[in-house]
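*Asks:* Sharing a structure with you now.
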Amino acid sequence: MKYTPNELEQMKYTPNEIAKDNMLYTIPLYQRLFEWNTENIVTLLEDLKKKFEHRDEKDDYYYIGMLTSTKNNELVDGQQRFTVMMLLGCVLQDYCEEWKKFLIADNKLRLEFSSRPLDNKYLWSLVEHKGEENQSFENLKMKNGYERIRDFIQDMTDISKKDFASYIFHKLCFFISILPKGYSPKDLNKYFERMNTTGKNLEQHEILKVKLLSNLDNDIDKYMLLWNKLADVDTLLIRKRKDENIAEIKRQALEADMNTIFSCDFINGLKEDVYDSTISIGNLEMSVSTPKNEREINKDSRCALSFPYLLLQVLYRQLSKKNDCRIDELSKKINYSVNDFFKPSSLLSIFEKFLPYSSSNINKDAIKEFMEMLVRARLALDICFIRPTEYGYTLDMNLDEDNSVLRKLLMFQSMLYVSSSNYTDYRWFNWLMDEIDRDGIPDAESLYTALKRNADEEFPLPSYEQLAYGGDNRYWFWRLDYYIWQHRKELFEKESPEVKNIVENYVFKRNRSIEHIAPQKPKSDSTMKWNNTEEDKTLRDSFGNLVMISQSLNSSLKNESYEVKAAHVKSYCNGSKSGSIESLKLLIVYRDYPDKWNREAITNHGKLMYEWLQKSKEE
């Protein structure tokens, strides 16, 4: 959009002109919290000082940019810069009385935050110079900004502080663009999405945050901050700090109610103060675990669930509690199918139906209960479930990385993780939460036992014939690979160190499809040919002749002879190809049948693999 010079002049404002026109502004709830850090603040101050020292008569304004507001002075964009002006005024009023007219008008703050009473109260305290007194709530970003401005001004000795403060009041310049009067709330939302500095549209969970938490009255600010911490699912909520027993802190956090979560320094960044007197460092129990650098262990790791899907999982669990039924019985109770419920694209409508945020049925206690369950779920995922990384998975549980029980649990969890998805509603989540709710943080062995018991109940072993090509039986190929890995020492006892290393470092991957070892339409040089008989078709599609590999690998080896495929596997074994092999079942095939893959081999291999699956259920 282009403006004429005259139009631009009419849009131009300074703190002085805003005070003269008695303009009051509000920041809507859907806007981000104030985020400027020390570097942002100091850069602005240094630029202002430089401009002040080198100002000329023709144009001595300092331009801070464009602000966008509605007709009723609601800031749609520019709240960061306007908040900074308020913080400047809080400090500069001591050097230039005119700033007092900018900060307060008609006994109101020039800038107020919609539905954020604690932020408003804290900004008032800065205006009245009470920010350093004992405050029940501090906006840490505002506090830091105020202190950086105060220190910068106090350290200036080469120029007049009064003149500098007056210059900013009269010459700090910005343009205000006012949106058309006819803009609807929907239009404003779209506009804000386009102006979002991340370059992305607001996601549904960000809108849900506003709609849901705005019902919590005076608790809005602290729940907003908590939600932001929980939504950053790839950042651990609890990280070790100096001289703290991290294992005990995690245990206490999982057992804490919401009052304790807010009053204690469990979650990083949620509270600036250290632990209260009821949980002193000296009272924490001694840990027998070897101290570890958690930042390095979890470097570049991510949560096993996306935040929207985690929200739906927690809501589903809350509904099962409300309806006093098991998770697997809930869909009938609420007359809502699992497939329809677990759709992140329908997040807002699902919450409005089952945890209302804008109707007459709003239940504030239910919203707070949901938040408490959400905190526990996030902590459980951080502490007791694998975190995917670029090359595999990590799992802490305050045990040494080489602990055999931890490795077993990590591999079983990664098998569960890759074999589940949105379409299977991540069954393992509720199995995990059942253990957490029952006993807090379980030990690795008991958690493994519980997860395996649930998996065995959830997945009864099909018949050999049912594992044929054409059905979605991927779980059983992953389960077989887990069994092979678990028994790697005896199964690969006589193999080379290279082969043992391949099995030891096997990584479960999700992007797998079930393919034929002896292809349906082999190339002319293949030693294995299929006859057009029902018997051959059944054998060709049987479990023994199937393997689960990535589609890309299958495409590169499509219809190749067994000998060519064998060479591919051998390249892993002799070290000429690096990385993780895609299937341990495939490795067993080429170990047991290095030269020939025929009908007899398919039958014998299939029989043996099915026996191993039976054993995996019995162990």
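Letters for chains follow the order of the structure tokens (A, B, ...), residue numbers begin at 1 for each chain, and ligand numbers begin at 1 in the order shown.
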Would you mind listing what lies within 8 Å of range 11-19 of chain A as a list in words, with only C-alpha atoms counted and same-chain residues fewer than 4 positions away left out?
*Replies:* Glu7, Met23, Met85, Glu98, Trp99, Lys101, Phe102, Ala105, Phe169, His170, Lys171, Leu172, Cys173, Phe174, Phe175, Ile176 and Ser177 of chain A
*Asks:* For range 216-228 of chain A, work out the shell of residues within 8 Å, counting only C-alpha atoms and skipping chain neighbours fewer than 3 positions away, then give it as JSON, numbers by chain.
*Replies:* {"A": [115, 116, 117, 118, 119, 209, 213, 231, 232, 262, 270, 364]}
*Asks:* Can you spit out the residues from that selection as a compact mmCIF listing (two decimals), in the first residue's frame, using C-alpha atoms?
*Replies:*
```
# COMPACT_ATOMS: atom_id res chain seq x y z
CA SER A 115 -7.67 -9.85 29.89
CA ARG A 116 -4.16 -9.66 31.37
CA PRO A 117 -4.76 -8.00 34.73
CA LEU A 118 -1.41 -9.06 36.18
CA ASP A 119 0.52 -7.47 33.30
CA LYS A 209 -5.19 -20.88 24.25
CA LEU A 213 -7.79 -19.53 29.21
CA ALA A 231 3.29 -25.79 23.84
CA ASP A 232 7.04 -25.74 23.23
CA PHE A 262 3.01 -22.29 40.13
CA LEU A 270 7.68 -20.36 34.93
CA LYS A 364 -13.69 -23.18 34.97
```
*Asks:* From the options A:Tyr316, A:Trp530, A:Tyr62, A:Phe82, which residue's atoms come nearest to Val338 in chain A, counting only C-alpha atoms?
*Replies:*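 Selected residue with least distance to Val338 in chain A: A:Tyr316.
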*Asks:* To one decimal in Å, tell me the separation between CA of Leu447 in chain A and CA of Val375 in chain A.
*Replies:*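 It comes out at 20.0 Å.
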*Asks:* If we count only C-alpha atoms, what is near range 145-154 of chain A at a cut-off of 8 Å, once residues fewer than 6 positions away on the same chain are taken out, given as JSON, numbers by chain?
*Replies:* {"A": [36, 37, 38, 41, 42, 45, 84, 87, 88, 90, 91, 126, 161]}
*Asks:* Take the residues from that selection and put them in a file with N, CA and C atoms, as a short mmCIF file (atom, residue, chain, number, x, y, z; two decimals), in the first residue's frame.
*Replies:*
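File result.cif, as written:
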```
data_model
loop_
_atom_site.label_atom_id
_atom_site.label_comp_id
_atom_site.auth_asym_id
_atom_site.auth_seq_id
_atom_site.Cartn_x
_atom_site.Cartn_y
_atom_site.Cartn_z
N TRP A 36 10.86 -8.48 23.80
CA TRP A 36 12.15 -7.85 23.55
C TRP A 36 13.16 -8.23 24.63
N ASN A 37 14.38 -8.57 24.20
CA ASN A 37 15.43 -8.95 25.14
C ASN A 37 16.42 -7.80 25.33
N THR A 38 17.47 -8.04 26.07
CA THR A 38 18.45 -7.00 26.38
C THR A 38 19.07 -6.41 25.12
N ILE A 41 16.71 -3.97 23.38
CA ILE A 41 16.57 -2.72 24.14
C ILE A 41 17.80 -1.84 23.98
N VAL A 42 18.98 -2.42 24.18
CA VAL A 42 20.22 -1.64 24.12
C VAL A 42 20.46 -1.11 22.72
N LEU A 45 18.34 1.98 22.28
CA LEU A 45 18.85 3.11 23.05
C LEU A 45 20.11 3.70 22.41
N VAL A 84 7.63 -0.88 24.53
CA VAL A 84 8.94 -0.29 24.77
C VAL A 84 8.80 1.21 25.06
N LEU A 87 7.84 1.61 28.59
CA LEU A 87 8.98 1.36 29.49
C LEU A 87 9.94 2.54 29.46
N LEU A 88 10.15 3.14 28.27
CA LEU A 88 10.97 4.34 28.18
C LEU A 88 10.38 5.44 29.06
N CYS A 90 8.48 5.16 31.65
CA CYS A 90 8.60 4.85 33.08
C CYS A 90 9.92 5.36 33.65
N VAL A 91 10.98 5.28 32.83
CA VAL A 91 12.30 5.74 33.28
C VAL A 91 12.48 7.24 33.03
N LEU A 126 5.57 -0.14 37.58
CA LEU A 126 6.75 0.48 36.97
C LEU A 126 6.52 1.98 36.78
N LYS A 161 20.78 14.31 30.31
CA LYS A 161 19.71 13.31 30.43
C LYS A 161 18.35 13.97 30.18
#
```
*Asks:* Could you name the residues that touch range 452-461 of chain A at 10 Å or less, counting only C-alpha atoms, but leaving out those on the same chain fewer than 4 positions away, as a PyMOL selection string?
*Replies:* chain A and resi 409+412-413+416+427-428+430-432+446-448+466-467+475-476+610+613-614+616-619
*Asks:* Calculated over only C-alpha atoms, which of the candidates A:Trp612, A:Phe354, A:Tyr25, A:Tyr464 has the smallest distance to His487 in chain A?
*Replies:* A:Trp612
*Asks:* Need the shell around Lys343 in chain A: protein/DNA/RNA residues with any atom at most 9 Å away, counting only C-alpha atoms. Skip same-chain ones fewer than 3 positions apart. Format as a ChimeraX atom specification?
*Replies:* /A:308-309,312,339-340,346-347,350,422
*Asks:* Restricting it to C-alpha atoms, dump the selection as a PDB file, in the first residue's frame.
*Replies:*
```pdb
ATOM      1  CA  PRO A 308      -2.201 -30.334  19.111  1.00  0.00           C
ATOM      2  CA  TYR A 309      -2.284 -34.102  19.342  1.00  0.00           C
ATOM      3  CA  LEU A 312      -6.518 -34.069  22.183  1.00  0.00           C
ATOM      4  CA  ASN A 339     -11.128 -41.205  14.110  1.00  0.00           C
ATOM      5  CA  ASP A 340     -13.230 -38.041  14.256  1.00  0.00           C
ATOM      6  CA  SER A 346     -10.795 -29.972  14.163  1.00  0.00           C
ATOM      7  CA  LEU A 347      -9.124 -28.945  17.428  1.00  0.00           C
ATOM      8  CA  ILE A 350     -13.738 -30.629  19.439  1.00  0.00           C
ATOM      9  CA  ASN A 422      -2.733 -40.328  14.595  1.00  0.00           C
TER      10      ASN A 422
END
```
*Asks:* Set the distance at 9 Å and use only C-alpha atoms: which residues neighbour Ala304 in chain A once local chain neighbours fewer than 2 positions away are removed? I'd like the list as JSON, numbers by chain.
*Replies:* {"A": [233, 234, 302, 306, 381, 385, 386, 387, 388, 417]}
*Asks:* Using only N, CA and C atoms, please write the residues we just selected to a file, as a compact mmCIF listing (two decimals), in the first residue's frame.
*Replies:*
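Below you can see out_16.txt, which holds the result:
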```txt
# COMPACT_ATOMS: atom_id res chain seq x y z
N VAL A 233 6.86 -28.13 22.90
CA VAL A 233 7.02 -29.53 23.30
C VAL A 233 8.43 -30.07 23.10
N ASP A 234 9.23 -29.42 22.26
CA ASP A 234 10.56 -29.93 21.99
C ASP A 234 11.61 -29.41 22.97
N ARG A 302 13.27 -34.26 20.14
CA ARG A 302 11.94 -33.65 20.07
C ARG A 302 10.93 -34.54 20.79
N SER A 306 3.05 -34.22 18.81
CA SER A 306 2.88 -32.80 18.53
C SER A 306 1.96 -32.20 19.60
N LEU A 381 6.01 -37.31 29.30
CA LEU A 381 6.68 -37.48 28.01
C LEU A 381 8.15 -37.08 28.09
N PHE A 385 9.42 -41.18 28.46
CA PHE A 385 9.21 -41.73 27.12
C PHE A 385 10.30 -41.24 26.20
N ILE A 386 10.57 -42.03 25.17
CA ILE A 386 11.65 -41.68 24.25
C ILE A 386 11.42 -40.34 23.58
N ARG A 387 12.51 -39.71 23.20
CA ARG A 387 12.47 -38.49 22.41
C ARG A 387 13.21 -38.77 21.10
N PRO A 388 12.51 -38.69 19.97
CA PRO A 388 13.17 -38.93 18.68
C PRO A 388 14.25 -37.87 18.41
N TYR A 417 6.37 -46.58 19.30
CA TYR A 417 6.25 -45.25 18.69
C TYR A 417 6.08 -45.34 17.17
```
*Asks:* If you run DSSP on this backbone, which residues of range 15-84 of chain A come out as strand (DSSP E or B), and could you give them as a list of chain:residue names?
*Replies:* A:Tyr25, A:Thr26, A:Ile27, A:Tyr62, A:Tyr63, A:Ile64, A:Gly65, A:Met66, A:Leu67, A:Thr68, A:Ser69, A:Glu74, A:Leu75, A:Val76, A:Asp77
